[in-house]
>>> print(open('query01.cif').read())   # mmCIF, C-alpha atoms
data_final
#
loop_
_atom_site.group_PDB
_atom_site.id
_atom_site.type_symbol
_atom_site.label_atom_id
_atom_site.label_comp_id
_atom_site.auth_asym_id
_atom_site.auth_seq_id
_atom_site.Cartn_x
_atom_site.Cartn_y
_atom_site.Cartn_z
ATOM 1 C CA MET A 1 11.346 1.181 -0.685
ATOM 2 C CA ASP A 2 9.372 -0.276 -3.591
ATOM 3 C CA LEU A 3 6.963 -3.214 -3.608
ATOM 4 C CA GLU A 4 9.513 -5.708 -4.896
ATOM 5 C CA GLU A 5 11.949 -4.819 -2.094
ATOM 6 C CA PHE A 6 9.284 -5.197 0.580
ATOM 7 C CA LEU A 7 8.084 -8.540 -0.767
ATOM 8 C CA LYS A 8 11.655 -9.780 -0.734
ATOM 9 C CA GLU A 9 12.009 -8.695 2.898
ATOM 10 C CA TRP A 10 8.645 -10.229 3.799
ATOM 11 C CA HIS A 11 9.477 -13.602 2.291
ATOM 12 C CA ASN A 12 13.007 -13.905 3.686
ATOM 13 C CA GLU A 13 13.890 -16.218 6.579
ATOM 14 C CA LYS A 14 13.720 -13.493 9.243
ATOM 15 C CA SER A 15 10.741 -13.260 11.582
ATOM 16 C CA THR A 16 10.789 -9.443 11.722
ATOM 17 C CA VAL A 17 10.403 -6.463 9.403
ATOM 18 C CA LEU A 18 12.062 -3.057 9.795
ATOM 19 C CA VAL A 19 9.643 -0.123 10.026
ATOM 20 C CA HIS A 20 9.979 3.536 10.960
ATOM 21 C CA THR A 21 7.753 5.713 13.132
ATOM 22 C CA SER A 22 6.047 8.662 11.433
ATOM 23 C CA GLY A 23 8.141 11.359 13.113
ATOM 24 C CA SER A 24 5.195 13.529 14.212
ATOM 25 C CA THR A 25 6.778 14.155 17.642
ATOM 26 C CA GLY A 26 10.436 13.990 16.634
ATOM 27 C CA LYS A 27 12.763 12.229 14.236
ATOM 28 C CA PRO A 28 11.450 8.968 12.724
ATOM 29 C CA LYS A 29 12.751 5.981 14.683
ATOM 30 C CA PRO A 30 13.527 2.526 13.264
ATOM 31 C CA MET A 31 11.968 -0.498 14.939
ATOM 32 C CA LEU A 32 11.692 -4.216 14.231
ATOM 33 C CA VAL A 33 8.210 -5.746 14.307
ATOM 34 C CA GLU A 34 7.210 -9.384 14.144
ATOM 35 C CA LYS A 35 5.635 -10.618 10.933
ATOM 36 C CA ARG A 36 3.165 -12.787 12.863
ATOM 37 C CA ARG A 37 1.825 -9.714 14.651
ATOM 38 C CA MET A 38 1.456 -7.866 11.334
ATOM 39 C CA GLU A 39 -0.529 -10.828 10.020
ATOM 40 C CA ALA A 40 -2.718 -10.769 13.144
ATOM 41 C CA SER A 41 -3.402 -7.046 12.650
ATOM 42 C CA ALA A 42 -4.228 -7.663 8.990
ATOM 43 C CA ARG A 43 -6.781 -10.359 9.843
ATOM 44 C CA ILE A 44 -8.447 -8.174 12.501
ATOM 45 C CA THR A 45 -8.950 -5.274 10.087
ATOM 46 C CA CYS A 46 -10.182 -7.429 7.216
ATOM 47 C CA GLN A 47 -12.637 -9.253 9.467
ATOM 48 C CA PHE A 48 -13.941 -6.017 10.983
ATOM 49 C CA LEU A 49 -14.615 -4.586 7.507
ATOM 50 C CA GLY A 50 -16.089 -7.819 6.179
ATOM 51 C CA LEU A 51 -13.571 -8.182 3.366
ATOM 52 C CA LYS A 52 -13.209 -11.480 1.535
ATOM 53 C CA PRO A 53 -10.559 -13.173 -0.638
ATOM 54 C CA GLY A 54 -10.465 -11.721 -4.138
ATOM 55 C CA ASP A 55 -11.536 -8.223 -3.066
ATOM 56 C CA THR A 56 -9.398 -5.444 -4.541
ATOM 57 C CA ALA A 57 -7.078 -3.439 -2.282
ATOM 58 C CA LEU A 58 -5.412 -0.183 -3.356
ATOM 59 C CA LEU A 59 -1.818 0.517 -2.345
ATOM 60 C CA CYS A 60 -1.206 4.259 -2.824
ATOM 61 C CA MET A 61 1.006 5.085 0.165
ATOM 62 C CA SER A 62 4.741 4.848 0.686
ATOM 63 C CA LEU A 63 6.164 1.513 1.758
ATOM 64 C CA ASP A 64 8.632 3.352 3.976
ATOM 65 C CA TYR A 65 5.985 3.479 6.715
ATOM 66 C CA ILE A 66 3.720 1.004 8.481
ATOM 67 C CA ALA A 67 0.495 2.095 6.728
ATOM 68 C CA GLY A 68 1.796 1.133 3.295
ATOM 69 C CA LYS A 69 3.406 -2.069 4.519
ATOM 70 C CA MET A 70 0.187 -3.170 6.212
ATOM 71 C CA MET A 71 -1.822 -2.805 2.995
ATOM 72 C CA VAL A 72 0.507 -5.326 1.361
ATOM 73 C CA VAL A 73 0.340 -7.648 4.374
ATOM 74 C CA ARG A 74 -3.464 -7.520 4.369
ATOM 75 C CA ALA A 75 -3.483 -8.522 0.714
ATOM 76 C CA LEU A 76 -1.051 -11.392 1.332
ATOM 77 C CA THR A 77 -2.762 -12.610 4.494
ATOM 78 C CA TYR A 78 -6.367 -12.355 3.357
ATOM 79 C CA GLY A 79 -6.026 -13.127 -0.340
ATOM 80 C CA LEU A 80 -6.878 -9.656 -1.587
ATOM 81 C CA LYS A 81 -6.037 -8.527 -5.115
ATOM 82 C CA LEU A 82 -3.469 -5.749 -4.633
ATOM 83 C CA ILE A 83 -3.491 -2.813 -7.041
ATOM 84 C CA ALA A 84 -0.320 -0.775 -6.537
ATOM 85 C CA VAL A 85 -0.021 2.775 -7.879
ATOM 86 C CA LYS A 86 2.622 5.445 -7.451
ATOM 87 C CA PRO A 87 2.423 6.910 -3.925
ATOM 88 C CA CYS A 88 1.748 10.624 -4.236
ATOM 89 C CA GLY A 89 -0.476 13.406 -2.932
ATOM 90 C CA CYS A 90 -3.170 12.731 -5.535
ATOM 91 C CA PRO A 91 -3.129 9.037 -6.517
ATOM 92 C CA GLU A 92 -4.677 7.748 -9.729
ATOM 93 C CA TRP A 93 -6.056 4.285 -10.444
ATOM 94 C CA GLU A 94 -8.429 2.483 -12.773
ATOM 95 C CA GLY A 95 -11.214 0.075 -11.935
ATOM 96 C CA ASP A 96 -13.305 -0.709 -8.874
ATOM 97 C CA ILE A 97 -11.722 -0.752 -5.412
ATOM 98 C CA ASP A 98 -13.100 -2.656 -2.447
ATOM 99 C CA PHE A 99 -10.601 -1.405 0.129
ATOM 100 C CA ALA A 100 -8.192 1.552 0.268
ATOM 101 C CA ALA A 101 -6.178 3.409 2.894
ATOM 102 C CA MET A 102 -5.172 7.053 2.523
ATOM 103 C CA VAL A 103 -3.926 10.015 4.526
ATOM 104 C CA PRO A 104 -6.190 13.088 4.805
ATOM 105 C CA MET A 105 -4.061 15.066 2.327
ATOM 106 C CA GLN A 106 -4.653 12.481 -0.420
ATOM 107 C CA VAL A 107 -8.406 12.502 0.184
ATOM 108 C CA TYR A 108 -8.486 16.300 0.183
ATOM 109 C CA ASN A 109 -6.565 16.498 -3.098
ATOM 110 C CA LEU A 110 -8.799 13.947 -4.802
ATOM 111 C CA LEU A 111 -11.888 15.915 -3.765
ATOM 112 C CA GLN A 112 -10.691 18.893 -5.811
ATOM 113 C CA SER A 113 -11.714 17.298 -9.124
ATOM 114 C CA GLU A 114 -14.861 15.583 -10.354
ATOM 115 C CA GLU A 115 -12.858 12.534 -11.414
ATOM 116 C CA GLY A 116 -11.182 12.285 -8.020
ATOM 117 C CA LEU A 117 -14.515 12.627 -6.233
ATOM 118 C CA LYS A 118 -15.996 9.908 -8.438
ATOM 119 C CA ARG A 119 -13.121 7.561 -7.648
ATOM 120 C CA LEU A 120 -13.372 8.149 -3.901
ATOM 121 C CA LYS A 121 -17.121 7.542 -3.849
ATOM 122 C CA ALA A 122 -16.643 4.231 -5.672
ATOM 123 C CA ILE A 123 -14.360 2.803 -2.926
ATOM 124 C CA LYS A 124 -16.398 0.374 -0.821
ATOM 125 C CA HIS A 125 -14.247 0.721 2.301
ATOM 126 C CA LEU A 126 -11.986 3.766 2.671
ATOM 127 C CA ILE A 127 -9.917 4.096 5.833
ATOM 128 C CA ILE A 128 -8.190 7.413 6.563
ATOM 129 C CA GLY A 129 -5.316 7.735 9.004
ATOM 130 C CA GLY A 130 -1.960 9.329 9.653
ATOM 131 C CA GLY A 131 -3.352 12.748 10.546
ATOM 132 C CA ALA A 132 -6.304 14.689 11.883
ATOM 133 C CA ILE A 133 -9.454 14.933 9.774
ATOM 134 C CA ASP A 134 -10.702 18.491 10.058
ATOM 135 C CA ASP A 135 -14.350 19.486 10.201
ATOM 136 C CA GLY A 136 -14.399 20.710 6.601
ATOM 137 C CA LEU A 137 -13.167 17.414 5.205
ATOM 138 C CA ALA A 138 -15.462 15.446 7.492
ATOM 139 C CA SER A 139 -18.487 17.442 6.322
ATOM 140 C CA VAL A 140 -17.784 16.453 2.701
ATOM 141 C CA LEU A 141 -17.299 12.788 3.525
ATOM 142 C CA VAL A 142 -20.442 12.442 5.658
ATOM 143 C CA GLY A 143 -22.644 12.066 2.567
ATOM 144 C CA PHE A 144 -20.517 9.428 0.826
ATOM 145 C CA PRO A 145 -22.471 6.340 -0.293
ATOM 146 C CA ASN A 146 -20.099 3.618 0.944
ATOM 147 C CA HIS A 147 -18.052 3.087 4.127
ATOM 148 C CA VAL A 148 -15.572 5.771 5.201
ATOM 149 C CA TRP A 149 -13.590 5.315 8.413
ATOM 150 C CA SER A 150 -11.103 7.264 10.498
ATOM 151 C CA THR A 151 -8.424 5.075 12.059
ATOM 152 C CA TYR A 152 -6.721 5.247 15.438
ATOM 153 C CA GLY A 153 -3.335 3.661 15.877
ATOM 154 C CA MET A 154 0.400 4.091 15.506
ATOM 155 C CA THR A 155 3.457 2.256 14.264
ATOM 156 C CA GLU A 156 3.771 0.410 17.576
ATOM 157 C CA THR A 157 0.263 -1.059 17.180
ATOM 158 C CA LEU A 158 1.000 -2.043 13.557
ATOM 159 C CA SER A 159 -1.457 0.424 12.134
ATOM 160 C CA HIS A 160 -4.836 0.892 13.827
ATOM 161 C CA ILE A 161 -6.579 -0.722 16.819
ATOM 162 C CA ALA A 162 -9.849 1.238 16.517
ATOM 163 C CA LEU A 163 -12.076 2.802 13.856
ATOM 164 C CA ARG A 164 -14.831 5.396 13.809
ATOM 165 C CA ARG A 165 -17.363 5.871 11.038
ATOM 166 C CA LEU A 166 -17.230 9.199 9.189
ATOM 167 C CA ASN A 167 -20.340 8.869 7.047
ATOM 168 C CA GLY A 168 -23.903 7.643 7.098
ATOM 169 C CA PRO A 169 -26.192 7.235 10.134
ATOM 170 C CA GLU A 170 -23.343 5.583 12.080
ATOM 171 C CA ALA A 171 -21.049 8.623 11.788
ATOM 172 C CA SER A 172 -19.515 9.391 15.176
ATOM 173 C CA GLU A 173 -16.615 11.136 16.931
ATOM 174 C CA TRP A 174 -16.140 8.009 19.074
ATOM 175 C CA TYR A 175 -13.647 5.310 18.085
ATOM 176 C CA THR A 176 -14.685 1.675 18.537
ATOM 177 C CA PRO A 177 -11.774 -0.569 19.579
ATOM 178 C CA PHE A 178 -11.301 -3.924 17.897
ATOM 179 C CA GLU A 179 -12.186 -7.137 19.693
ATOM 180 C CA GLY A 180 -9.359 -8.252 21.965
ATOM 181 C CA VAL A 181 -8.204 -4.672 22.659
ATOM 182 C CA THR A 182 -8.427 -3.465 26.272
ATOM 183 C CA LEU A 183 -8.177 0.263 26.997
ATOM 184 C CA SER A 184 -7.565 2.317 30.128
ATOM 185 C CA GLN A 185 -6.142 5.707 31.161
ATOM 186 C CA THR A 186 -3.188 7.058 33.100
ATOM 187 C CA ASP A 187 -3.704 9.563 35.910
ATOM 188 C CA GLU A 188 -3.053 12.301 33.343
ATOM 189 C CA GLY A 189 -5.826 10.992 31.097
ATOM 190 C CA CYS A 190 -3.586 9.411 28.458
ATOM 191 C CA LEU A 191 -4.792 6.300 26.660
ATOM 192 C CA VAL A 192 -3.257 2.952 27.601
ATOM 193 C CA ILE A 193 -3.619 0.176 25.006
ATOM 194 C CA ASP A 194 -3.426 -3.528 25.751
ATOM 195 C CA ALA A 195 -3.580 -5.328 22.410
ATOM 196 C CA PRO A 196 -1.720 -8.627 22.855
ATOM 197 C CA ALA A 197 -2.276 -9.734 19.263
ATOM 198 C CA VAL A 198 -0.185 -6.862 17.898
ATOM 199 C CA HIS A 199 1.946 -5.540 20.779
ATOM 200 C CA ASP A 200 3.765 -7.152 23.680
ATOM 201 C CA GLY A 201 2.467 -5.586 26.910
ATOM 202 C CA PRO A 202 0.484 -2.394 27.623
ATOM 203 C CA LEU A 203 1.346 0.632 25.502
ATOM 204 C CA VAL A 204 1.062 4.058 27.139
ATOM 205 C CA THR A 205 0.281 6.707 24.542
ATOM 206 C CA ASN A 206 0.537 10.494 24.641
ATOM 207 C CA ASP A 207 -3.081 10.871 23.534
ATOM 208 C CA ILE A 208 -5.434 12.412 26.075
ATOM 209 C CA VAL A 209 -8.793 10.695 25.668
ATOM 210 C CA GLU A 210 -12.317 10.626 26.993
ATOM 211 C CA PHE A 211 -14.282 7.379 27.290
ATOM 212 C CA VAL A 212 -17.964 7.181 26.522
ATOM 213 C CA SER A 213 -20.128 7.391 29.635
ATOM 214 C CA PRO A 214 -20.214 4.097 31.582
ATOM 215 C CA SER A 215 -24.015 4.338 31.518
ATOM 216 C CA LEU A 216 -23.853 4.036 27.721
ATOM 217 C CA TRP A 217 -21.167 1.362 27.643
ATOM 218 C CA ARG A 218 -21.470 -1.727 29.793
ATOM 219 C CA GLY A 219 -18.877 -3.839 28.048
ATOM 220 C CA LYS A 220 -15.298 -4.504 29.059
ATOM 221 C CA GLY A 221 -12.052 -2.837 28.107
ATOM 222 C CA GLY A 222 -12.835 0.884 28.276
ATOM 223 C CA GLY A 223 -15.121 0.942 25.258
ATOM 224 C CA PRO A 224 -15.545 3.740 22.705
ATOM 225 C CA PHE A 225 -13.325 6.787 23.146
ATOM 226 C CA ARG A 226 -12.604 10.150 21.569
ATOM 227 C CA ILE A 227 -9.302 12.006 21.243
ATOM 228 C CA LYS A 228 -8.958 15.369 22.971
ATOM 229 C CA GLY A 229 -5.320 15.926 21.944
ATOM 230 C CA ARG A 230 -1.751 14.900 22.684
ATOM 231 C CA LYS A 231 -0.086 15.268 26.055
ATOM 232 C CA ASP A 232 2.896 16.813 24.224
ATOM 233 C CA ASN A 233 0.558 19.464 22.848
ATOM 234 C CA VAL A 234 -0.605 20.893 26.162
ATOM 235 C CA ILE A 235 0.387 24.506 26.801
ATOM 236 C CA CYS A 236 0.571 25.452 30.496
ATOM 237 C CA SER A 237 0.047 29.229 30.552
ATOM 238 C CA GLY A 238 -0.551 30.996 33.838
ATOM 239 C CA GLY A 239 -1.748 27.778 35.442
ATOM 240 C CA ILE A 240 -4.245 27.090 32.647
ATOM 241 C CA LYS A 241 -3.800 23.898 30.594
ATOM 242 C CA ILE A 242 -4.569 24.568 26.937
ATOM 243 C CA GLN A 243 -4.872 21.701 24.441
ATOM 244 C CA ILE A 244 -3.386 22.789 21.109
ATOM 245 C CA GLU A 245 -5.744 20.627 19.026
ATOM 246 C CA GLU A 246 -8.830 22.121 20.690
ATOM 247 C CA VAL A 247 -7.650 25.652 19.904
ATOM 248 C CA GLU A 248 -6.981 24.699 16.280
ATOM 249 C CA LYS A 249 -10.390 23.042 16.000
ATOM 250 C CA LEU A 250 -12.161 26.266 16.988
ATOM 251 C CA LEU A 251 -10.078 28.390 14.608
ATOM 252 C CA ARG A 252 -10.076 26.083 11.590
ATOM 253 C CA PRO A 253 -13.588 26.988 10.280
ATOM 254 C CA GLN A 254 -12.721 30.698 10.573
ATOM 255 C CA LEU A 255 -9.266 30.872 8.969
ATOM 256 C CA SER A 256 -8.683 30.084 5.306
ATOM 257 C CA ALA A 257 -4.881 30.417 5.299
ATOM 258 C CA PRO A 258 -2.767 27.545 6.676
ATOM 259 C CA PHE A 259 -1.970 28.010 10.382
ATOM 260 C CA MET A 260 -0.703 26.114 13.392
ATOM 261 C CA ILE A 261 -0.807 26.659 17.139
ATOM 262 C CA SER A 262 2.463 26.279 19.021
ATOM 263 C CA LYS A 263 4.148 27.618 22.161
ATOM 264 C CA ARG A 264 7.281 29.175 23.606
ATOM 265 C CA PRO A 265 8.611 29.955 27.104
ATOM 266 C CA ASP A 266 7.208 33.027 28.836
ATOM 267 C CA GLU A 267 8.807 34.677 31.880
ATOM 268 C CA LYS A 268 5.471 35.641 33.436
ATOM 269 C CA PHE A 269 3.103 32.854 32.370
ATOM 270 C CA GLY A 270 5.524 29.926 32.025
ATOM 271 C CA GLU A 271 4.441 29.286 28.434
ATOM 272 C CA GLN A 272 2.555 31.370 25.907
ATOM 273 C CA VAL A 273 0.326 30.453 22.993
ATOM 274 C CA VAL A 274 1.803 31.285 19.569
ATOM 275 C CA LEU A 275 -0.024 31.188 16.233
ATOM 276 C CA LEU A 276 2.064 30.476 13.133
ATOM 277 C CA THR A 277 0.458 31.290 9.805
ATOM 278 C CA GLU A 278 1.206 31.640 6.124
ATOM 279 C CA SER A 279 -1.184 34.606 5.999
ATOM 280 C CA MET A 280 0.028 38.227 6.001
ATOM 281 C CA ASP A 281 -3.258 39.586 7.392
ATOM 282 C CA MET A 282 -2.416 39.542 11.098
ATOM 283 C CA ASP A 283 -5.163 42.027 12.021
ATOM 284 C CA LEU A 284 -7.821 39.680 10.654
ATOM 285 C CA ILE A 285 -6.313 36.701 12.490
ATOM 286 C CA ARG A 286 -6.175 38.623 15.782
ATOM 287 C CA ASP A 287 -9.818 39.638 15.398
ATOM 288 C CA VAL A 288 -10.852 36.022 14.742
ATOM 289 C CA CYS A 289 -8.907 34.771 17.771
ATOM 290 C CA GLN A 290 -10.494 37.380 20.043
ATOM 291 C CA ARG A 291 -13.951 36.553 18.743
ATOM 292 C CA VAL A 292 -13.723 32.748 18.727
ATOM 293 C CA LEU A 293 -11.375 31.744 21.529
ATOM 294 C CA PRO A 294 -11.762 31.921 25.314
ATOM 295 C CA LYS A 295 -9.622 34.695 26.782
ATOM 296 C CA TYR A 296 -6.930 32.411 28.186
ATOM 297 C CA TRP A 297 -6.629 30.458 24.922
ATOM 298 C CA GLN A 298 -5.902 33.502 22.771
ATOM 299 C CA PRO A 299 -2.387 33.655 21.256
ATOM 300 C CA ARG A 300 -0.034 36.193 22.796
ATOM 301 C CA SER A 301 2.205 36.146 19.727
ATOM 302 C CA PHE A 302 1.625 35.794 15.966
ATOM 303 C CA LEU A 303 4.332 34.631 13.572
ATOM 304 C CA HIS A 304 4.249 34.749 9.770
ATOM 305 C CA ILE A 305 6.215 32.041 7.956
ATOM 306 C CA ASP A 306 6.332 31.128 4.275
ATOM 307 C CA SER A 307 5.516 27.446 4.862
ATOM 308 C CA LEU A 308 4.304 25.589 7.951
ATOM 309 C CA PRO A 309 6.647 22.802 9.111
ATOM 310 C CA MET A 310 5.246 19.372 8.245
ATOM 311 C CA THR A 311 6.499 15.798 8.516
ATOM 312 C CA GLU A 312 7.013 13.522 5.493
ATOM 313 C CA THR A 313 3.618 11.948 6.199
ATOM 314 C CA GLY A 314 1.808 15.300 6.189
ATOM 315 C CA LYS A 315 1.432 15.804 9.933
ATOM 316 C CA PRO A 316 2.262 19.075 11.728
ATOM 317 C CA ALA A 317 5.914 19.001 12.804
ATOM 318 C CA ARG A 318 5.229 20.252 16.320
ATOM 319 C CA LYS A 319 8.795 20.232 17.640
ATOM 320 C CA GLU A 320 10.081 22.125 14.621
ATOM 321 C CA ALA A 321 7.277 24.669 14.988
ATOM 322 C CA GLU A 322 8.148 25.175 18.644
ATOM 323 C CA GLN A 323 11.800 25.787 17.753
ATOM 324 C CA LEU A 324 10.711 28.410 15.206
ATOM 325 C CA CYS A 325 8.670 30.154 17.909
ATOM 326 C CA ILE A 326 11.640 30.198 20.278
ATOM 327 C CA LYS A 327 13.983 31.622 17.618
ATOM 328 C CA HIS A 328 11.554 34.417 16.793
#
>>> encode(input="query01.cif", output="structure tokens")
Amino acid sequence: MDLEEFLKEWHNEKSTVLVHTSGSTGKPKPMLVEKRRMEASARITCQFLGLKPGDTALLCMSLDYIAGKMMVVRALTYGLKLIAVKPCGCPEWEGDIDFAAMVPMQVYNLLQSEEGLKRLKAIKHLIIGGGAIDDGLASVLVGFPNHVWSTYGMTETLSHIALRRLNGPEASEWYTPFEGVTLSQTDEGCLVIDAPAVHDGPLVTNDIVEFVSPSLWRGKGGGPFRIKGRKDNVICSGGIKIQIEEVEKLLRPQLSAPFMISKRPDEKFGEQVVLLTESMDMDLIRDVCQRVLPKYWQPRSFLHIDSLPMTETGKPARKEAEQLCIKH
């Protein structure tokens, strides 16, 4: 979809817009969302960031997904000057930007050149979503002069419902929910979102979270939280619950080649940890795993593949990776 098509859909007589989920846990699913709720989400974000009419907003993501659509809606709702460029892995633009949204891959690619770095540092408010921000990328961003944020949200919440600062003295691993958002947990520790402005009724997520200590947060609605991983990404091996994201976090600073943690059935342990990698040096990877990981987290199998499975939005395609593990 291009900008002209979306604007035509936005300005038609219908009260809803068709969007698709990202497909990180399966095939992308179509869903209709109300335009009034998209406008409400747009106002909340713009107010939180202190944007004002006339500020420039960069559209550099595909309009096939909610993140791109919401950048246009924010511009329409809040009177921002929209600068649209071709959506790609390394976007290019001219002039000053007050507000931009990108996925981690775009930020990473821009950091590879002096011109890209200069452009990123000139953005007054940069929000990054649609995928995990690894420690290496975060360490580069922490010294940026303006505001850099990581977002938490999903298609169902019409983009994000919480932000955490990635740079400056306010940098934190804890997400701060927007005003009007109430948070809680299921018995399994998954986040439950009640955001009436953007979603009808409580939304139970698959994200296992931890709330900041009650002694540090005396407000209502759950307060700041951090993500431990997805419920889907728990490996139950020999009675031990292993969070895939936590294993990857420990390995990421040690492994230069692209890799991914997955799982497959195991007759003895129920499930086993599998490491997929584009590297051919399995001995090195085994040594790193034995040195860095707790005994019960260490992969029992290692699988070389030419290219890790990824979704269209640059997220690990977990289900596809699991199927590869089962086949091999």
>>> closest_residue(input="query01.cif", among="A:Thr21, A:Thr16, A:Gln290, A:Ser41", to="Ala197 of chain A", atoms="only C-alpha atoms")
A:Ser41
>>> closest_residue(input="query01.cif", among="A:Val181, A:Leu251, A:Ala42, A:Leu120", to="Gly222 of chain A", atoms="all atoms listed in the file")
A:Val181
>>> residues_around(input="query01.cif", residues="segment 105-115 of chain A", least_positions_apart="6", cutoff="9 Å", atoms="all atoms listed in the file", output="number ranges by chain")
A: 88-92, 128, 131, 137, 140, 314
>>> residues_around(input="query01.cif", residues="Ala321 of chain A", least_positions_apart="2", cutoff="8 Å", atoms="all atoms listed in the file", output="JSON, numbers by chain")
{"A": [262, 308, 309, 317, 318, 319, 323, 324, 325]}
>>> residues_around(input="query01.cif", residues="Gly50 of chain A", least_positions_apart="3", cutoff="12 Å", atoms="all atoms listed in the file", output="JSON, numbers by chain")
{"A": [43, 44, 45, 46, 47, 53, 55, 78, 98, 99, 124, 125, 147]}
>>> residues_near_point(input="query01.cif", point="(-7.6, -3.4, 26.9)", cutoff="12 Å", atoms="all atoms listed in the file", output="compact mmCIF listing (two decimals) with C-alpha atoms, in the frame of the given file")
# COMPACT_ATOMS: atom_id res chain seq x y z
CA ILE A 161 -6.58 -0.72 16.82
CA ALA A 162 -9.85 1.24 16.52
CA PRO A 177 -11.77 -0.57 19.58
CA PHE A 178 -11.30 -3.92 17.90
CA GLU A 179 -12.19 -7.14 19.69
CA GLY A 180 -9.36 -8.25 21.96
CA VAL A 181 -8.20 -4.67 22.66
CA THR A 182 -8.43 -3.46 26.27
CA LEU A 183 -8.18 0.26 27.00
CA SER A 184 -7.56 2.32 30.13
CA GLN A 185 -6.14 5.71 31.16
CA LEU A 191 -4.79 6.30 26.66
CA VAL A 192 -3.26 2.95 27.60
CA ILE A 193 -3.62 0.18 25.01
CA ASP A 194 -3.43 -3.53 25.75
CA ALA A 195 -3.58 -5.33 22.41
CA PRO A 196 -1.72 -8.63 22.86
CA ALA A 197 -2.28 -9.73 19.26
CA HIS A 199 1.95 -5.54 20.78
CA GLY A 201 2.47 -5.59 26.91
CA PRO A 202 0.48 -2.39 27.62
CA LEU A 203 1.35 0.63 25.50
CA VAL A 204 1.06 4.06 27.14
CA GLY A 219 -18.88 -3.84 28.05
CA LYS A 220 -15.30 -4.50 29.06
CA GLY A 221 -12.05 -2.84 28.11
CA GLY A 222 -12.84 0.88 28.28
CA GLY A 223 -15.12 0.94 25.26
CA PRO A 224 -15.54 3.74 22.70
>>> closest_residue(input="query01.cif", among="A:Met31, A:Leu163, A:Cys190, A:Ala122", to="Asn206 of chain A", atoms="all atoms listed in the file")
A:Cys190
>>> atom_distance(input="query01.cif", atom1="atom CA of Ile208 of chain A", atom2="atom CA of Ala257 of chain A")
27.5 Å
>>> closest_residue(input="query01.cif", among="A:Lys268, A:Asp187, A:Pro258, A:Lys35", to="Cys236 of chain A", atoms="all atoms listed in the file")
A:Lys268
>>> resolve_selection(input="query01.cif", expression="the PyMOL selection byres ((chain A and resi 143) around 10)", output="NGL selection string")
:A and (121 or 138-142 or 144-146 or 148 or 166-169 or 171)
>>> write_last_selection(input="query01.cif", atoms="C-alpha atoms", output="PDB file, in the coordinates of the input")
ATOM      1  CA  LYS A 121     -17.121   7.542  -3.849  1.00  0.00           C
ATOM      2  CA  ALA A 138     -15.462  15.446   7.492  1.00  0.00           C
ATOM      3  CA  SER A 139     -18.487  17.442   6.322  1.00  0.00           C
ATOM      4  CA  VAL A 140     -17.784  16.453   2.701  1.00  0.00           C
ATOM      5  CA  LEU A 141     -17.299  12.788   3.525  1.00  0.00           C
ATOM      6  CA  VAL A 142     -20.442  12.442   5.658  1.00  0.00           C
ATOM      7  CA  PHE A 144     -20.517   9.428   0.826  1.00  0.00           C
ATOM      8  CA  PRO A 145     -22.471   6.340  -0.293  1.00  0.00           C
ATOM      9  CA  ASN A 146     -20.099   3.618   0.944  1.00  0.00           C
ATOM     10  CA  VAL A 148     -15.572   5.771   5.201  1.00  0.00           C
ATOM     11  CA  LEU A 166     -17.230   9.199   9.189  1.00  0.00           C
ATOM     12  CA  ASN A 167     -20.340   8.869   7.047  1.00  0.00           C
ATOM     13  CA  GLY A 168     -23.903   7.643   7.098  1.00  0.00           C
ATOM     14  CA  PRO A 169     -26.192   7.235  10.134  1.00  0.00           C
ATOM     15  CA  ALA A 171     -21.049   8.623  11.788  1.00  0.00           C
TER      16      ALA A 171
END
>>> closest_residue(input="query01.cif", among="A:Ser301, A:Thr151, A:Asn233, A:Ser159", to="Val73 of chain A", atoms="all atoms listed in the file")
A:Ser159
>>> atom_distance(input="query01.cif", atom1="atom CA of Val274 of chain A", atom2="atom CA of Pro299 of chain A")
5.1 Å
>>> closest_residue(input="query01.cif", among="A:Lys69, A:Lys29, A:Thr205, A:Ile123", to="Glu5 of chain A", atoms="only C-alpha atoms")
A:Lys69
>>> atom_distance(input="query01.cif", atom1="atom CA of Met282 of chain A", atom2="atom CA of Arg252 of chain A")
15.5 Å
>>> resolve_selection(input="query01.cif", expression="the PyMOL selection byres ((chain A and resi 7) around 12)", output="compact mmCIF listing (two decimals) with C-alpha atoms, in the frame of the given file")
# COMPACT_ATOMS: atom_id res chain seq x y z
CA MET A 1 11.35 1.18 -0.68
CA ASP A 2 9.37 -0.28 -3.59
CA LEU A 3 6.96 -3.21 -3.61
CA GLU A 4 9.51 -5.71 -4.90
CA GLU A 5 11.95 -4.82 -2.09
CA PHE A 6 9.28 -5.20 0.58
CA LYS A 8 11.66 -9.78 -0.73
CA GLU A 9 12.01 -8.70 2.90
CA TRP A 10 8.64 -10.23 3.80
CA HIS A 11 9.48 -13.60 2.29
CA ASN A 12 13.01 -13.90 3.69
CA VAL A 17 10.40 -6.46 9.40
CA LEU A 63 6.16 1.51 1.76
CA LYS A 69 3.41 -2.07 4.52
CA MET A 70 0.19 -3.17 6.21
CA VAL A 72 0.51 -5.33 1.36
CA VAL A 73 0.34 -7.65 4.37
CA ALA A 75 -3.48 -8.52 0.71
CA LEU A 76 -1.05 -11.39 1.33
>>> axis_aligned_box(input="query01.cif", around="segment 204-212 of chain A", padding_each_side="8 Å", output="AutoDock Vina command-line options")
--center_x -8.5 --center_y 8.2 --center_z 25.4 --size_x 35.0 --size_y 24.4 --size_z 19.8
>>> resolve_selection(input="query01.cif", expression="the PyMOL selection byres ((chain A and resi 241) around 12)", output="number ranges by chain")
A: 188, 229, 231-240, 242-244, 246-247, 269-273, 296-297
>>> residues_around(input="query01.cif", residues="Ile285 of chain A", least_positions_apart="3", cutoff="10 Å", atoms="only C-alpha atoms", output="ChimeraX atom specification")
/A:251,254-255,257,259,275,277,279-282,288-291,302
